[in-house]
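The structure appears right after this line, and notes come after that.
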Amino acid sequence: MRYVSENKALESAGTQNEKAKDESVPAVGTAEGTEAVEAIEGSSPKKKTLIVFADDLDKAIAAFTIATGAAAMGDDVTMFFTFWGLNILRRQKAVPLKKGAIERMFGALMPRGAGRLRLSKMNFFGIGAKMMNGLMKKKGVKTLPELMDLARELGVKMVACTMSMDVMGIAKEELIDGVELAGVASYLSEADEANVNLFIA
């Protein structure tokens, strides 16, 4: 009899727990259920971040294609350019600035701006990049400069890593308009709020 009474007590407790669980969770299809779903969807993050490490033409195109696509869908997008990725943001015309010998050497060896990037494969001393740009125009695909203009129009935030700028001798005056400057801590705070973080290298 003792075991029977214990089993009944457990069954009763389990029934009460299930009832409490059912009462606490609104059913799908009801007004309460719809409000719960909307609350969950509204609280989900709608932010994307991309770390752009490489300055290869094809990788830069991929990065901006993803960024503009996400921005067109209504997401907040931040692109964080570091090390070689900073070359994408450089002005094509040289800006007269006082620099040391190593900084001048870096500036001379690195590609200046989106129009002078190389392909990661089959570049053939720049011929591959020219062929790629020509093919994209022929197929009606936006080129990198066009994608960058579109990114600005859609409100994509482009951020240059200040630490990398110091190391590589790149000054703010050498970057295109609309670029923000920030450190890694600033990027990480944005990454914490995002539901997608990509590294383009």
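Chain labels follow the order of the structure tokens: the first chain is A, the next B, and so on; residue numbering restarts at 1 in every chain, and ligands are counted from 1 in their shown order.
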
- Item | Close residues, range 166-175 of chain A itself excluded, 9 Å, only C-alpha atoms, min 2 positions apart in chain, as a PyMOL selection string | chain A and resi 83-84+86-95+97+99-100+102-104+106-107+113+160-164+177-179+181

Produce a file of the selected residues containing N, CA and C atoms, as a short mmCIF file (atom, residue, chain, number, x, y, z; two decimals), in the first residue's frame.
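As written to disk, result-v8.cif reads:
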```
data_model
loop_
_atom_site.label_atom_id
_atom_site.label_comp_id
_atom_site.auth_asym_id
_atom_site.auth_seq_id
_atom_site.Cartn_x
_atom_site.Cartn_y
_atom_site.Cartn_z
N PHE A 83 44.33 45.54 -41.23
CA PHE A 83 45.53 45.19 -41.97
C PHE A 83 45.33 45.38 -43.48
N TRP A 84 45.53 44.33 -44.30
CA TRP A 84 45.50 44.51 -45.76
C TRP A 84 44.14 45.00 -46.25
N LEU A 86 42.54 47.38 -45.26
CA LEU A 86 42.51 48.85 -45.29
C LEU A 86 42.79 49.40 -46.69
N ASN A 87 43.51 48.63 -47.50
CA ASN A 87 43.82 49.11 -48.85
C ASN A 87 42.57 49.35 -49.69
N ILE A 88 41.51 48.63 -49.38
CA ILE A 88 40.25 48.82 -50.11
C ILE A 88 39.71 50.22 -49.88
N LEU A 89 40.00 50.78 -48.73
CA LEU A 89 39.45 52.08 -48.35
C LEU A 89 40.37 53.25 -48.70
N ARG A 90 41.54 52.97 -49.25
CA ARG A 90 42.48 54.06 -49.56
C ARG A 90 42.02 54.85 -50.79
N ARG A 91 42.33 56.12 -50.79
CA ARG A 91 42.07 56.94 -51.97
C ARG A 91 43.03 56.53 -53.08
N GLN A 92 42.56 56.62 -54.31
CA GLN A 92 43.42 56.21 -55.43
C GLN A 92 44.53 57.21 -55.68
N LYS A 93 44.29 58.47 -55.37
CA LYS A 93 45.32 59.50 -55.55
C LYS A 93 46.09 59.68 -54.25
N ALA A 94 47.39 59.79 -54.37
CA ALA A 94 48.23 59.95 -53.19
C ALA A 94 47.96 61.27 -52.50
N VAL A 95 47.96 61.22 -51.17
CA VAL A 95 47.77 62.42 -50.37
C VAL A 95 49.12 62.84 -49.80
N LEU A 97 51.66 63.69 -47.40
CA LEU A 97 51.78 63.66 -45.94
C LEU A 97 53.23 63.37 -45.57
N LYS A 99 55.85 61.29 -43.84
CA LYS A 99 55.94 59.92 -43.35
C LYS A 99 57.40 59.49 -43.27
N GLY A 100 57.63 58.44 -42.47
CA GLY A 100 58.96 57.87 -42.38
C GLY A 100 59.24 56.99 -43.58
N ILE A 102 59.88 53.72 -43.82
CA ILE A 102 59.14 52.45 -43.84
C ILE A 102 57.68 52.69 -44.20
N GLU A 103 57.09 53.74 -43.68
CA GLU A 103 55.69 54.05 -44.00
C GLU A 103 55.53 54.38 -45.48
N ARG A 104 56.49 55.13 -46.03
CA ARG A 104 56.44 55.43 -47.47
C ARG A 104 56.59 54.16 -48.30
N PHE A 106 55.71 51.08 -47.40
CA PHE A 106 54.44 50.36 -47.31
C PHE A 106 53.42 50.97 -48.27
N GLY A 107 53.33 52.30 -48.26
CA GLY A 107 52.36 52.97 -49.12
C GLY A 107 52.60 52.73 -50.59
N GLY A 113 43.46 51.73 -53.21
CA GLY A 113 42.05 51.86 -53.54
C GLY A 113 41.45 50.64 -54.21
N ALA A 160 37.52 51.58 -40.04
CA ALA A 160 38.94 51.26 -40.21
C ALA A 160 39.57 51.03 -38.85
N CYS A 161 40.34 49.96 -38.74
CA CYS A 161 41.01 49.62 -37.50
C CYS A 161 42.17 50.59 -37.24
N THR A 162 42.11 51.31 -36.14
CA THR A 162 43.12 52.32 -35.85
C THR A 162 44.49 51.71 -35.57
N MET A 163 44.51 50.55 -34.92
CA MET A 163 45.78 49.88 -34.64
C MET A 163 46.49 49.50 -35.93
N SER A 164 45.75 48.93 -36.87
CA SER A 164 46.33 48.55 -38.16
C SER A 164 46.79 49.77 -38.94
N ASP A 177 35.91 59.01 -48.15
CA ASP A 177 34.93 59.65 -47.28
C ASP A 177 33.96 58.62 -46.70
N GLY A 178 33.47 58.92 -45.52
CA GLY A 178 32.45 58.08 -44.90
C GLY A 178 32.97 56.94 -44.06
N VAL A 179 34.29 56.87 -43.87
CA VAL A 179 34.87 55.78 -43.09
C VAL A 179 35.06 56.25 -41.64
N LEU A 181 36.67 55.57 -37.73
CA LEU A 181 37.86 54.99 -37.12
C LEU A 181 37.51 54.43 -35.75
#
```

- Message: Could you list, as JSON, numbers by chain, every residue within 7 Å of range 191-196 of chain A, counting only C-alpha atoms and ignoring same-chain residues fewer than 4 positions away?
- Response: {"A": [45, 46, 47, 48, 49, 187]}

- Which is closer to Ala60 in chain A than all the others in A:Met110, A:Met73, A:Ala201, A:Ile127, using only C-alpha atoms? A:Ala201

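Taking CA of Asp75 in chain A as the reference point, CA of Val156 in chain A is found at 9.2 Å.
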
- Task: DSSP on the backbone, then: every residue of range 93-166 of chain A marked strand (DSSP E or B), written as JSON, numbers by chain.
- Result: {"A": [157, 158, 159, 160, 161]}

Output for the residues just chosen: N, CA and C atoms as a PDB file, in the first residue's frame:
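So again02.pdb came out as:
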```pdb
ATOM      1  N   LYS A 157      27.952  50.591 -42.279  1.00  0.00           N
ATOM      2  CA  LYS A 157      29.001  51.283 -41.535  1.00  0.00           C
ATOM      3  C   LYS A 157      30.354  50.670 -41.883  1.00  0.00           C
ATOM      4  N   MET A 158      31.261  51.486 -42.400  1.00  0.00           N
ATOM      5  CA  MET A 158      32.608  51.027 -42.717  1.00  0.00           C
ATOM      6  C   MET A 158      33.581  51.613 -41.699  1.00  0.00           C
ATOM      7  N   VAL A 159      34.267  50.717 -40.997  1.00  0.00           N
ATOM      8  CA  VAL A 159      35.144  51.121 -39.900  1.00  0.00           C
ATOM      9  C   VAL A 159      36.571  50.668 -40.178  1.00  0.00           C
ATOM     10  N   ALA A 160      37.523  51.577 -40.036  1.00  0.00           N
ATOM     11  CA  ALA A 160      38.936  51.258 -40.213  1.00  0.00           C
ATOM     12  C   ALA A 160      39.574  51.030 -38.851  1.00  0.00           C
ATOM     13  N   CYS A 161      40.341  49.964 -38.745  1.00  0.00           N
ATOM     14  CA  CYS A 161      41.014  49.617 -37.501  1.00  0.00           C
ATOM     15  C   CYS A 161      42.173  50.586 -37.243  1.00  0.00           C
TER      16      CYS A 161
END
```
